[in-house]
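*Asks:* So here's structure_14.cif, just mmCIF, C-alpha atoms:
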```
data_work
loop_
_atom_site.label_atom_id
_atom_site.label_comp_id
_atom_site.auth_asym_id
_atom_site.auth_seq_id
_atom_site.Cartn_x
_atom_site.Cartn_y
_atom_site.Cartn_z
CA MET A 207 120.42 113.55 84.13
CA ALA A 208 121.81 111.73 87.17
CA TYR A 209 119.76 112.29 90.30
CA ASP A 210 120.74 111.81 93.94
CA PHE A 211 117.72 109.53 94.43
CA ASP A 212 115.28 107.58 92.30
CA LEU A 213 112.53 108.34 94.81
CA PHE A 214 112.34 111.00 97.50
CA VAL A 215 109.46 110.49 99.96
CA ILE A 216 108.21 113.41 102.05
CA GLY A 217 106.58 111.95 105.15
CA ALA A 218 107.34 108.79 107.12
CA GLY A 219 103.79 107.73 107.87
CA SER A 220 102.25 104.42 106.90
CA GLY A 221 101.97 105.11 103.16
CA GLY A 222 105.32 106.84 102.80
CA VAL A 223 107.23 104.15 104.69
CA ARG A 224 105.56 101.37 102.70
CA ALA A 225 106.39 103.03 99.37
CA ALA A 226 109.98 103.74 100.44
CA ARG A 227 110.68 100.25 101.77
CA PHE A 228 109.35 98.42 98.75
CA ALA A 229 110.89 100.82 96.25
CA ALA A 230 114.26 100.20 97.92
CA GLY A 231 113.57 96.46 97.83
CA PHE A 232 112.97 96.76 94.09
CA GLY A 233 116.44 98.25 93.71
CA ALA A 234 115.67 101.99 93.77
CA LYS A 235 117.79 104.52 95.62
CA VAL A 236 115.36 106.05 98.12
CA ALA A 237 115.31 108.83 100.71
CA VAL A 238 112.61 109.67 103.27
CA ALA A 239 112.31 113.00 105.08
CA GLU A 240 110.25 113.34 108.27
CA SER A 241 109.98 116.41 110.48
CA ARG A 242 107.85 115.00 113.31
CA TYR A 243 107.64 111.34 114.22
CA LEU A 244 108.20 108.05 112.45
CA GLY A 245 105.02 106.14 111.76
CA GLY A 246 102.86 109.17 111.10
CA THR A 247 99.44 109.89 112.58
CA CYS A 248 98.39 106.26 112.99
CA VAL A 249 101.30 105.20 115.16
CA ASN A 250 101.73 108.39 117.17
CA VAL A 251 98.43 110.27 117.51
CA GLY A 252 95.91 108.03 115.77
CA CYS A 253 94.80 104.43 115.53
CA VAL A 254 97.44 102.77 117.71
CA PRO A 255 97.38 104.95 120.84
CA LYS A 256 93.61 105.40 120.44
CA LYS A 257 93.08 101.63 120.49
CA LEU A 258 95.25 101.36 123.60
CA LEU A 259 93.06 103.96 125.31
CA VAL A 260 89.95 102.12 124.12
CA TYR A 261 91.28 98.94 125.74
CA GLY A 262 91.84 100.91 128.95
CA ALA A 263 88.30 102.29 128.90
CA HIS A 264 86.83 98.86 128.20
CA VAL A 265 88.29 97.46 131.46
CA ALA A 266 85.45 99.23 133.29
CA ASP A 267 82.98 96.97 131.44
CA GLU A 268 84.92 93.85 132.38
CA LEU A 269 84.95 94.87 136.03
CA GLU A 270 81.20 95.50 135.97
CA GLN A 271 80.53 92.11 134.42
CA ALA A 272 82.85 90.21 136.76
CA ALA A 273 80.35 89.91 139.63
CA GLY A 274 77.98 87.87 137.46
CA TYR A 275 80.73 85.30 137.05
CA GLY A 276 81.46 84.99 140.75
CA TRP A 277 84.30 87.44 141.09
CA THR A 278 84.34 89.77 144.07
CA LEU A 279 86.61 92.73 143.35
CA GLU A 280 87.63 95.63 145.50
CA GLU A 281 86.65 99.01 144.14
CA GLY A 282 88.93 99.70 141.19
CA HIS A 283 91.09 102.79 140.89
CA PHE A 284 92.15 104.16 137.52
CA ASP A 285 95.36 106.15 137.08
CA TRP A 286 95.54 108.19 133.86
CA GLY A 287 99.26 108.87 134.27
CA THR A 288 100.10 105.16 134.28
CA LEU A 289 98.08 104.52 131.12
CA ILE A 290 99.67 107.44 129.27
CA ALA A 291 103.20 106.51 130.38
CA ASN A 292 102.72 102.92 129.23
CA LYS A 293 101.21 104.13 125.97
CA ASN A 294 104.18 106.45 125.39
CA ARG A 295 106.61 103.60 125.95
CA GLU A 296 104.83 101.47 123.36
CA ILE A 297 104.79 104.30 120.81
CA GLU A 298 108.53 104.85 121.31
CA ARG A 299 109.06 101.13 120.66
CA LEU A 300 107.08 101.38 117.43
CA ASN A 301 109.02 104.50 116.37
CA GLY A 302 112.18 102.42 116.68
CA ILE A 303 110.68 99.62 114.61
CA TYR A 304 109.80 102.06 111.82
CA ARG A 305 113.33 103.47 111.91
CA ASN A 306 114.80 99.97 111.61
CA LEU A 307 112.42 99.04 108.79
CA LEU A 308 113.62 102.00 106.76
CA VAL A 309 117.32 101.85 107.54
CA ASN A 310 117.52 98.06 107.14
CA SER A 311 115.83 98.41 103.75
CA GLY A 312 118.65 100.67 102.59
CA VAL A 313 116.57 103.86 102.72
CA THR A 314 118.31 107.14 103.55
CA LEU A 315 116.40 108.70 106.48
CA LEU A 316 116.53 112.48 106.80
CA GLN A 317 115.02 114.07 109.90
CA GLY A 318 113.82 117.57 109.12
CA HIS A 319 111.21 119.50 107.18
CA ALA A 320 111.27 118.84 103.43
CA ARG A 321 110.26 121.48 100.92
CA MET A 322 110.17 121.10 97.16
CA THR A 323 112.20 123.72 95.33
CA GLY A 324 111.39 122.29 91.91
CA ALA A 325 109.88 119.35 90.13
CA HIS A 326 112.98 117.24 90.86
CA GLU A 327 114.51 118.96 93.90
CA VAL A 328 113.84 118.88 97.63
CA GLU A 329 115.45 120.97 100.37
CA VAL A 330 115.85 119.58 103.90
CA GLU A 331 117.43 121.74 106.60
CA GLY A 332 119.27 123.82 104.01
CA GLN A 333 120.58 120.83 102.07
CA ARG A 334 119.22 120.22 98.55
CA TYR A 335 118.67 116.81 97.01
CA SER A 336 117.64 115.89 93.47
CA ALA A 337 115.24 113.06 92.71
CA ALA A 338 113.79 111.47 89.62
CA ASN A 339 110.48 111.09 91.46
CA ILE A 340 109.06 112.78 94.56
CA LEU A 341 106.26 111.30 96.66
CA ILE A 342 104.17 113.48 98.98
CA ALA A 343 102.82 111.46 101.92
CA THR A 344 102.47 114.08 104.62
CA GLY A 345 99.07 113.05 105.97
CA GLY A 346 96.44 115.20 107.61
CA TRP A 347 96.05 117.56 110.54
CA PRO A 348 93.03 118.20 112.82
CA GLN A 349 91.07 121.41 112.38
CA VAL A 350 89.28 123.56 114.95
CA PRO A 351 86.66 126.01 113.65
CA ASP A 352 87.61 129.66 113.78
CA ILE A 353 85.58 130.72 116.81
CA PRO A 354 86.49 132.99 119.76
CA GLY A 355 88.44 130.91 122.25
CA LYS A 356 89.48 128.20 119.77
CA GLU A 357 92.97 128.22 121.34
CA LEU A 358 91.42 126.86 124.55
CA ALA A 359 90.24 123.68 122.82
CA ILE A 360 92.30 120.55 122.16
CA THR A 361 92.30 117.98 119.35
CA SER A 362 93.33 114.35 119.14
CA ASN A 363 96.94 115.50 118.84
CA GLU A 364 96.91 116.89 122.37
CA ALA A 365 94.48 114.39 123.93
CA PHE A 366 97.09 111.63 123.97
CA TYR A 367 99.40 113.75 126.11
CA LEU A 368 97.05 115.28 128.68
CA LYS A 369 98.70 115.37 132.11
CA GLN A 370 95.54 114.24 133.82
CA LEU A 371 92.08 112.96 132.92
CA PRO A 372 89.65 115.90 132.77
CA ARG A 373 86.70 115.60 135.14
CA ARG A 374 84.23 117.08 132.61
CA VAL A 375 84.70 116.85 128.85
CA LEU A 376 82.81 118.31 125.90
CA VAL A 377 83.52 116.36 122.71
CA VAL A 378 82.54 118.28 119.57
CA GLY A 379 81.98 116.43 116.30
CA GLY A 380 79.97 113.66 114.69
CA GLY A 381 82.59 111.53 112.96
CA TYR A 382 84.28 108.37 114.17
CA ILE A 383 87.04 110.21 116.05
CA ALA A 384 84.50 112.16 118.10
CA VAL A 385 82.46 109.05 118.88
CA GLU A 386 85.54 107.05 119.84
CA PHE A 387 86.99 109.68 122.14
CA ALA A 388 83.63 110.29 123.79
CA GLY A 389 83.63 106.59 124.66
CA ILE A 390 87.22 106.73 125.88
CA PHE A 391 86.68 109.71 128.17
CA GLN A 392 83.42 108.37 129.54
CA GLY A 393 84.75 104.84 130.00
CA LEU A 394 87.72 106.12 132.00
CA GLY A 395 85.45 108.06 134.32
CA ALA A 396 85.00 111.56 132.89
CA ASP A 397 81.59 113.23 132.79
CA THR A 398 81.28 113.38 129.00
CA THR A 399 78.98 115.23 126.60
CA LEU A 400 79.05 114.75 122.82
CA LEU A 401 77.89 117.75 120.78
CA TYR A 402 77.11 117.44 117.08
CA ARG A 403 75.63 120.09 114.81
CA GLY A 404 73.64 117.53 112.76
CA ASP A 405 70.63 115.35 113.52
CA LEU A 406 72.61 112.15 114.10
CA PHE A 407 76.31 111.28 114.17
CA LEU A 408 78.34 109.04 111.81
CA ARG A 409 76.96 110.42 108.57
CA GLY A 410 77.64 107.95 105.75
CA PHE A 411 77.31 104.85 107.94
CA ASP A 412 74.29 102.57 107.68
CA GLY A 413 71.18 104.12 109.21
CA SER A 414 70.46 101.09 111.42
CA VAL A 415 74.00 101.23 112.76
CA ARG A 416 73.77 104.94 113.59
CA LYS A 417 70.46 104.60 115.41
CA HIS A 418 71.52 101.46 117.28
CA LEU A 419 74.75 103.01 118.50
CA LYS A 420 72.87 106.12 119.67
CA GLU A 421 70.57 103.93 121.77
CA GLU A 422 73.45 101.97 123.28
CA LEU A 423 75.49 105.08 124.12
CA GLU A 424 72.47 106.61 125.82
CA LYS A 425 72.06 103.42 127.87
CA ARG A 426 75.62 103.94 129.07
CA GLY A 427 74.78 107.44 130.22
CA LEU A 428 76.67 109.38 127.56
CA ASP A 429 75.10 112.82 127.14
CA LEU A 430 74.33 113.14 123.41
CA GLN A 431 73.32 116.58 122.19
CA PHE A 432 72.47 116.81 118.50
CA ASN A 433 71.73 119.97 116.51
CA ALA A 434 74.11 121.69 118.91
CA ASP A 435 77.22 123.72 118.15
CA ILE A 436 79.61 125.97 120.07
CA GLN A 437 79.70 129.69 119.32
CA ARG A 438 82.56 130.66 121.65
CA ILE A 439 84.75 129.31 124.47
CA ASP A 440 85.80 131.36 127.50
CA GLN A 441 88.10 130.49 130.38
CA GLN A 442 86.65 131.15 133.81
CA ALA A 443 88.37 132.30 136.97
CA ASP A 444 88.63 128.76 138.37
CA GLY A 445 90.32 127.53 135.18
CA SER A 446 87.25 125.76 133.80
CA LEU A 447 85.93 126.44 130.31
CA LYS A 448 82.53 127.89 129.50
CA ALA A 449 81.17 126.94 126.09
CA THR A 450 78.41 129.17 124.79
CA LEU A 451 76.26 127.36 122.25
CA LYS A 452 74.64 128.93 119.21
CA ASP A 453 71.23 128.43 120.82
CA GLY A 454 72.35 130.51 123.81
CA ARG A 455 72.89 127.69 126.30
CA GLU A 456 76.08 127.57 128.34
CA LEU A 457 77.99 124.41 129.25
CA VAL A 458 80.94 124.26 131.64
CA ALA A 459 83.76 121.71 131.30
CA ASP A 460 87.41 121.18 132.09
CA CYS A 461 88.26 120.20 128.52
CA VAL A 462 86.74 120.96 125.12
CA PHE A 463 87.85 118.36 122.57
CA TYR A 464 87.28 119.08 118.87
CA ALA A 465 87.01 116.32 116.26
CA THR A 466 85.38 118.29 113.45
CA GLY A 467 87.51 117.22 110.53
CA ARG A 468 91.06 117.09 109.26
CA ARG A 469 92.84 118.99 106.51
CA PRO A 470 95.69 117.81 104.26
CA MET A 471 99.07 118.77 105.74
CA LEU A 472 100.52 120.85 102.91
CA ASP A 473 102.16 123.63 104.95
CA ASN A 474 105.39 124.96 103.46
CA LEU A 475 105.79 122.04 101.06
CA GLY A 476 106.83 124.26 98.17
CA LEU A 477 103.93 123.25 95.95
CA GLU A 478 104.15 126.70 94.34
CA ASN A 479 107.54 125.69 92.92
CA THR A 480 105.91 122.86 90.96
CA ALA A 481 102.90 122.35 88.71
CA VAL A 482 101.08 120.38 91.44
CA GLU A 483 97.39 121.35 91.61
CA LEU A 484 94.80 120.99 94.36
CA ASP A 485 91.23 119.83 93.75
CA GLU A 486 88.12 121.79 94.73
CA ARG A 487 88.29 120.34 98.28
CA GLY A 488 91.89 121.40 98.83
CA TYR A 489 93.49 117.97 98.41
CA ILE A 490 96.30 117.18 95.97
CA ARG A 491 94.88 116.20 92.57
CA VAL A 492 96.21 112.85 91.33
CA ASP A 493 95.37 110.39 88.57
CA ASP A 494 94.78 106.64 88.92
CA LEU A 495 98.54 106.08 89.31
CA TYR A 496 98.81 108.75 92.08
CA ARG A 497 100.70 111.06 89.72
CA THR A 498 100.00 114.74 90.31
CA THR A 499 99.72 117.39 87.62
CA GLU A 500 103.52 117.62 87.92
CA PRO A 501 104.65 114.39 86.16
CA SER A 502 107.58 113.70 88.50
CA VAL A 503 105.56 114.24 91.70
CA PHE A 504 103.23 111.65 93.23
CA ALA A 505 100.97 111.81 96.28
CA LEU A 506 99.01 109.31 98.38
CA GLY A 507 97.18 108.86 101.66
CA ASP A 508 95.30 111.57 103.49
CA VAL A 509 96.68 114.37 101.28
CA ILE A 510 94.69 113.10 98.28
CA GLY A 511 91.44 112.78 100.24
CA ARG A 512 90.19 109.46 98.92
CA VAL A 513 89.69 106.85 101.66
CA GLN A 514 91.56 108.11 104.71
CA LEU A 515 92.46 104.85 106.40
CA THR A 516 95.89 103.47 107.27
CA PRO A 517 95.51 100.17 105.34
CA VAL A 518 94.45 102.15 102.26
CA ALA A 519 97.57 104.33 102.48
CA LEU A 520 99.64 101.14 102.76
CA ALA A 521 98.02 99.75 99.62
CA GLU A 522 98.58 103.03 97.78
CA GLY A 523 102.23 103.07 98.84
CA MET A 524 102.69 99.58 97.45
CA ALA A 525 100.98 100.59 94.22
CA VAL A 526 103.29 103.60 93.72
CA ALA A 527 106.42 101.52 94.40
CA ARG A 528 105.34 98.83 91.96
CA HIS A 529 104.27 101.29 89.27
CA LEU A 530 107.63 103.08 89.36
CA PHE A 531 110.06 100.24 89.94
CA LYS A 532 108.30 96.89 89.39
CA PRO A 533 105.59 97.54 86.80
CA ASP A 534 105.13 93.85 85.99
CA GLN A 535 103.79 93.38 89.54
CA TYR A 536 101.56 96.47 89.55
CA ARG A 537 98.02 96.05 90.83
CA ALA A 538 95.56 98.91 91.17
CA VAL A 539 94.10 99.59 94.60
CA ASP A 540 90.50 98.38 94.83
CA TYR A 541 88.49 100.93 96.81
CA GLN A 542 85.36 98.77 96.86
CA ASN A 543 84.38 96.69 99.90
CA ILE A 544 86.98 98.14 102.27
CA PRO A 545 86.27 96.81 105.78
CA THR A 546 86.48 99.36 108.56
CA ALA A 547 85.77 99.66 112.27
CA VAL A 548 84.79 102.40 114.67
CA PHE A 549 86.16 101.67 118.13
CA SER A 550 83.21 103.16 119.92
CA GLN A 551 81.78 101.38 122.95
CA PRO A 552 80.21 99.16 121.70
CA PRO A 553 82.31 99.08 118.50
CA ILE A 554 81.13 99.13 114.89
CA GLY A 555 82.35 96.91 112.07
CA THR A 556 81.22 97.46 108.50
CA VAL A 557 82.05 96.39 104.95
CA GLY A 558 80.32 97.00 101.65
CA LEU A 559 77.25 99.08 100.89
CA THR A 560 74.91 100.54 103.45
CA GLU A 561 71.20 99.98 102.92
CA GLU A 562 70.89 103.58 101.79
CA GLN A 563 73.77 103.28 99.31
CA ALA A 564 72.39 100.04 97.87
CA LEU A 565 68.98 101.61 97.26
CA ALA A 566 70.54 104.75 95.77
CA ALA A 567 72.56 102.55 93.39
CA GLY A 568 69.34 101.01 92.06
CA HIS A 569 69.52 97.60 93.76
CA LYS A 570 66.37 95.79 94.79
CA VAL A 571 67.29 95.11 98.37
CA GLN A 572 66.55 92.50 100.99
CA VAL A 573 67.60 93.40 104.52
CA PHE A 574 68.36 90.87 107.24
CA GLU A 575 68.72 92.29 110.75
CA SER A 576 69.18 90.74 114.15
CA ARG A 577 69.37 92.40 117.57
CA PHE A 578 70.23 90.28 120.57
CA ARG A 579 71.80 90.36 124.01
CA ALA A 580 75.23 88.75 123.86
CA MET A 581 75.66 85.46 125.72
CA LYS A 582 78.41 86.98 127.86
CA LEU A 583 75.90 89.38 129.39
CA THR A 584 73.28 86.77 130.37
CA LEU A 585 74.79 86.34 133.85
CA THR A 586 74.92 90.11 134.39
CA ASP A 587 72.40 92.93 134.67
CA LEU A 588 73.70 94.69 131.56
CA GLN A 589 71.13 95.13 128.80
CA GLU A 590 73.43 96.07 125.89
CA LYS A 591 72.31 94.64 122.57
CA THR A 592 74.33 93.63 119.53
CA LEU A 593 73.17 94.52 116.01
CA MET A 594 74.00 92.46 112.94
CA LYS A 595 72.76 93.35 109.46
CA LEU A 596 73.11 92.03 105.93
CA VAL A 597 72.17 94.01 102.84
CA VAL A 598 71.43 91.64 99.94
CA ASP A 599 70.64 92.18 96.26
CA ALA A 600 67.20 90.58 95.89
CA GLU A 601 67.77 89.71 92.22
CA THR A 602 71.30 88.23 92.29
CA ASP A 603 71.36 87.09 95.96
CA LYS A 604 74.78 88.76 96.28
CA VAL A 605 75.60 90.14 99.72
CA LEU A 606 76.22 93.86 99.23
CA GLY A 607 76.99 94.89 102.80
CA CYS A 608 77.64 93.55 106.29
CA HIS A 609 77.24 95.76 109.36
CA MET A 610 77.64 95.11 113.07
CA VAL A 611 77.51 96.97 116.37
CA GLY A 612 78.75 94.94 119.29
CA PRO A 613 81.79 93.35 120.96
CA ASP A 614 84.60 92.32 118.58
CA ALA A 615 82.81 93.86 115.59
CA GLY A 616 86.08 94.81 113.89
CA GLU A 617 87.51 91.32 114.31
CA ILE A 618 84.39 89.68 112.88
CA ILE A 619 83.95 92.05 109.94
CA GLN A 620 87.52 91.44 108.73
CA GLY A 621 86.63 87.88 107.79
CA LEU A 622 83.38 88.92 106.16
CA GLY A 623 85.35 91.42 104.09
CA ILE A 624 87.00 88.48 102.34
CA ALA A 625 83.60 86.95 101.61
CA LEU A 626 82.31 90.17 100.05
CA LYS A 627 85.51 90.60 98.04
CA ALA A 628 84.92 87.08 96.70
CA GLY A 629 81.34 87.93 95.73
CA ALA A 630 79.57 85.70 98.26
CA THR A 631 75.81 85.22 98.02
CA LYS A 632 73.28 85.01 100.82
CA GLN A 633 72.80 81.32 100.00
CA GLN A 634 76.52 80.75 100.61
CA PHE A 635 76.23 82.55 103.95
CA ASP A 636 73.25 80.32 104.79
CA GLU A 637 75.14 77.17 103.81
CA THR A 638 78.12 78.07 105.97
CA ILE A 639 78.06 76.28 109.32
CA GLY A 640 78.41 78.62 112.27
CA VAL A 641 80.87 78.46 115.14
CA HIS A 642 78.76 77.80 118.24
CA PRO A 643 78.24 79.45 120.63
CA THR A 644 79.50 82.75 119.25
CA ALA A 645 77.97 86.05 118.25
CA ALA A 646 79.55 85.73 114.81
CA GLU A 647 77.39 82.72 113.90
CA GLU A 648 74.40 85.06 113.70
CA PHE A 649 75.71 86.24 110.33
CA VAL A 650 75.12 82.74 108.89
CA THR A 651 71.82 81.98 110.66
CA MET A 652 69.67 84.97 109.64
CA ARG A 653 67.11 83.25 107.42
CA THR A 654 64.16 85.64 107.22
CA ALA A 655 64.38 89.08 105.67
CA THR A 656 63.19 91.83 108.00
CA ARG A 657 62.24 94.03 105.04
#
```
Rewrite the coordinates I just gave you, this time as structure tokens.
*Replies:*
Amino acid sequence: MAYDFDLFVIGAGSGGVRAARFAAGFGAKVAVAESRYLGGTCVNVGCVPKKLLVYGAHVADELEQAAGYGWTLEEGHFDWGTLIANKNREIERLNGIYRNLLVNSGVTLLQGHARMTGAHEVEVEGQRYSAANILIATGGWPQVPDIPGKELAITSNEAFYLKQLPRRVLVVGGGYIAVEFAGIFQGLGADTTLLYRGDLFLRGFDGSVRKHLKEELEKRGLDLQFNADIQRIDQQADGSLKATLKDGRELVADCVFYATGRRPMLDNLGLENTAVELDERGYIRVDDLYRTTEPSVFALGDVIGRVQLTPVALAEGMAVARHLFKPDQYRAVDYQNIPTAVFSQPPIGTVGLTEEQALAAGHKVQVFESRFRAMKLTLTDLQEKTLMKLVVDAETDKVLGCHMVGPDAGEIIQGLGIALKAGATKQQFDETIGVHPTAAEEFVTMRTATR
């Protein structure tokens, strides 16, 4: 049977665009349908605008440190509207780049909601298209718990478009998005409280990292409230919001920001018209080649619930394109030793196994840890400390994990990710000459195991 397209991609986020571009480059006839914005969550309401806001919040630190270096500055004034307007302009520029990437690759771009009407058919705005293969890359969507007053809360989707900076903010959640936005709001001047229902945030990260970040955030004056959860939200006469906690306490704020998880965006996709199945968590079930239980339908990125990071979706998109149209170049995505960062303040960088994971996997572990005050702060009154940690297999000397909390953690960990991918040993770290004076050299000068 002759199809309209060799590949029809639903969703123009990072993974979908990568798969479409490279499939077209391999000679396939490709279409992409997108109902919201080009670039997906990352470009529009995720990593890119978030990092821009993090940069904005970090300026307060630079201003505070300036006096120690001889700079006398007038009292600074922050304007939220200017930051958001500049951010919007940059996102619009990136939207245009994504459009050009697709169109210049020969991809047919369809703007509208796509819904599968069969295993080989997609409907967009009333028009039906046939395709040999369909790829679902629709990403995720933030969730707010079903409590009274949930409509009064916002998520990351809305936070990037607030008309003004709230004076008082309650951030609810214990994952990286909650921690990052708490730092953003506080750094830009809002009175910020972070509520988390568990004992300590960032579950799944290394225990030393979690505890160290808690201490540093408390030094900065962030109000951390653990084992705390909201029961209901009510709007008061003056427009403020009253959050009643499950323990009976009441907190008043101008904004309640929820970062309590994301769900796969599967709304009105027409899955019922195919044999596509969901797993027990509600994500699309796929095999190692990202093929669903409907042989002609593939899925990748946040909708399959593996590692929900933009670079991972990019790698999965490449893998799908190669599998379908350039099988001699196919390489499976390696989900081990994926470097990642949390742009908290101070930021986290991590790659490989945590100490807890290494022990659970049966390794005999040596741990090397260092806490120190960064050189940049020695001429200031700031007492922030950087944490660096190596988790090493005591029997093979292989470095299993690298973890950092401190300035430029993400930049430093990227390079160490290559070392772990190459199987570096602690001896090779020790034999590597450091760049002096830098914080990064600490990773190659930790000689004595702390435990």
*Asks:* Exactly which residues make up the result of the PyMOL selection byres ((chain A and resi 213) around 7) on this file, given as a count of residues only?
*Replies:* 11
*Asks:* Given the file shown, enumerate the residues that the PyMOL selection byres ((chain A and resi 286-290) around 12) captures and present them as JSON, numbers by chain.
*Replies:* {"A": [255, 256, 258, 259, 260, 261, 262, 263, 283, 284, 285, 291, 292, 293, 294, 295, 296, 297, 365, 366, 367, 368, 369, 370, 371, 372, 373, 390, 391, 393, 394, 395, 396]}
*Asks:* Please save C-alpha atoms of the selected residues as an mmCIF file, in the frame of the given file.
*Replies:*
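File result.cif, as written:
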```cif
data_model
loop_
_atom_site.group_PDB
_atom_site.id
_atom_site.type_symbol
_atom_site.label_atom_id
_atom_site.label_comp_id
_atom_site.auth_asym_id
_atom_site.auth_seq_id
_atom_site.Cartn_x
_atom_site.Cartn_y
_atom_site.Cartn_z
ATOM 1 C CA PRO A 255 97.380 104.950 120.840
ATOM 2 C CA LYS A 256 93.610 105.400 120.440
ATOM 3 C CA LEU A 258 95.250 101.360 123.600
ATOM 4 C CA LEU A 259 93.060 103.960 125.310
ATOM 5 C CA VAL A 260 89.950 102.120 124.120
ATOM 6 C CA TYR A 261 91.280 98.940 125.740
ATOM 7 C CA GLY A 262 91.840 100.910 128.950
ATOM 8 C CA ALA A 263 88.300 102.290 128.900
ATOM 9 C CA HIS A 283 91.090 102.790 140.890
ATOM 10 C CA PHE A 284 92.150 104.160 137.520
ATOM 11 C CA ASP A 285 95.360 106.150 137.080
ATOM 12 C CA ALA A 291 103.200 106.510 130.380
ATOM 13 C CA ASN A 292 102.720 102.920 129.230
ATOM 14 C CA LYS A 293 101.210 104.130 125.970
ATOM 15 C CA ASN A 294 104.180 106.450 125.390
ATOM 16 C CA ARG A 295 106.610 103.600 125.950
ATOM 17 C CA GLU A 296 104.830 101.470 123.360
ATOM 18 C CA ILE A 297 104.790 104.300 120.810
ATOM 19 C CA ALA A 365 94.480 114.390 123.930
ATOM 20 C CA PHE A 366 97.090 111.630 123.970
ATOM 21 C CA TYR A 367 99.400 113.750 126.110
ATOM 22 C CA LEU A 368 97.050 115.280 128.680
ATOM 23 C CA LYS A 369 98.700 115.370 132.110
ATOM 24 C CA GLN A 370 95.540 114.240 133.820
ATOM 25 C CA LEU A 371 92.080 112.960 132.920
ATOM 26 C CA PRO A 372 89.650 115.900 132.770
ATOM 27 C CA ARG A 373 86.700 115.600 135.140
ATOM 28 C CA ILE A 390 87.220 106.730 125.880
ATOM 29 C CA PHE A 391 86.680 109.710 128.170
ATOM 30 C CA GLY A 393 84.750 104.840 130.000
ATOM 31 C CA LEU A 394 87.720 106.120 132.000
ATOM 32 C CA GLY A 395 85.450 108.060 134.320
ATOM 33 C CA ALA A 396 85.000 111.560 132.890
#
```
*Asks:* Starting from the displayed file, determine the output of the PyMOL selection byres ((chain A and resi 252) around 12) and express the residue list as a VMD selection string.
*Replies:* chain A and resid 219 to 220 245 to 251 253 to 260 297 345 to 348 361 to 366 382 to 383 386 to 387 514 to 516 549
*Asks:* Skip Val597 of chain A itself and residues of its chain fewer than 5 positions away, then list as a list in words all residues within 10 Å of it, counting only C-alpha atoms.
*Replies:*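 My list of contacting residues is Gly558, Leu559, Thr560, Glu561, Glu562, Ala564, Leu565, Val571, Gln572, Val573, Phe574, Glu575, Asp603, Lys604, Val605, Leu606, Gly607, Cys608, His609, Lys632 and Ala655 of chain A.
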*Asks:* The residues within 12 Å of (104.9, 98.9, 104.6), using all atoms listed in the file and the coordinates of the file, should be reported as a PDB file with C-alpha atoms, in the coordinates of the input; which are they?
*Replies:*
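The resulting file, part26.pdb, is reproduced below:
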```pdb
ATOM      1  CA  ALA A 218     107.340 108.790 107.120  1.00  0.00           C
ATOM      2  CA  GLY A 219     103.790 107.730 107.870  1.00  0.00           C
ATOM      3  CA  SER A 220     102.250 104.420 106.900  1.00  0.00           C
ATOM      4  CA  GLY A 221     101.970 105.110 103.160  1.00  0.00           C
ATOM      5  CA  GLY A 222     105.320 106.840 102.800  1.00  0.00           C
ATOM      6  CA  VAL A 223     107.230 104.150 104.690  1.00  0.00           C
ATOM      7  CA  ARG A 224     105.560 101.370 102.700  1.00  0.00           C
ATOM      8  CA  ALA A 225     106.390 103.030  99.370  1.00  0.00           C
ATOM      9  CA  ALA A 226     109.980 103.740 100.440  1.00  0.00           C
ATOM     10  CA  ARG A 227     110.680 100.250 101.770  1.00  0.00           C
ATOM     11  CA  PHE A 228     109.350  98.420  98.750  1.00  0.00           C
ATOM     12  CA  ALA A 229     110.890 100.820  96.250  1.00  0.00           C
ATOM     13  CA  ALA A 230     114.260 100.200  97.920  1.00  0.00           C
ATOM     14  CA  GLY A 231     113.570  96.460  97.830  1.00  0.00           C
ATOM     15  CA  GLY A 245     105.020 106.140 111.760  1.00  0.00           C
ATOM     16  CA  ILE A 303     110.680  99.620 114.610  1.00  0.00           C
ATOM     17  CA  TYR A 304     109.800 102.060 111.820  1.00  0.00           C
ATOM     18  CA  LEU A 307     112.420  99.040 108.790  1.00  0.00           C
ATOM     19  CA  LEU A 308     113.620 102.000 106.760  1.00  0.00           C
ATOM     20  CA  SER A 311     115.830  98.410 103.750  1.00  0.00           C
ATOM     21  CA  THR A 516      95.890 103.470 107.270  1.00  0.00           C
ATOM     22  CA  PRO A 517      95.510 100.170 105.340  1.00  0.00           C
ATOM     23  CA  VAL A 518      94.450 102.150 102.260  1.00  0.00           C
ATOM     24  CA  ALA A 519      97.570 104.330 102.480  1.00  0.00           C
ATOM     25  CA  LEU A 520      99.640 101.140 102.760  1.00  0.00           C
ATOM     26  CA  ALA A 521      98.020  99.750  99.620  1.00  0.00           C
ATOM     27  CA  GLU A 522      98.580 103.030  97.780  1.00  0.00           C
ATOM     28  CA  GLY A 523     102.230 103.070  98.840  1.00  0.00           C
ATOM     29  CA  MET A 524     102.690  99.580  97.450  1.00  0.00           C
ATOM     30  CA  ALA A 525     100.980 100.590  94.220  1.00  0.00           C
ATOM     31  CA  VAL A 526     103.290 103.600  93.720  1.00  0.00           C
ATOM     32  CA  ALA A 527     106.420 101.520  94.400  1.00  0.00           C
TER      33      ALA A 527
END
```
*Asks:* When you look at segment 446-462 of chain A with a cut-off of 12 Å (counting all atoms listed in the file), what residues show up, excluding the ones that are within fewer than 2 positions of it in the same chain? I need them as number ranges by chain.
*Replies:* A: 350, 353-362, 364-365, 368, 370-379, 384, 387-388, 391, 396-403, 431-444, 464-465
*Asks:* Distance atom CA of Ile342 of chain A-atom CA of Glu483 of chain A, one decimal place?
*Replies:*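 Calculated distance between atom CA of Ile342 of chain A and atom CA of Glu483 of chain A is 12.7 Å.
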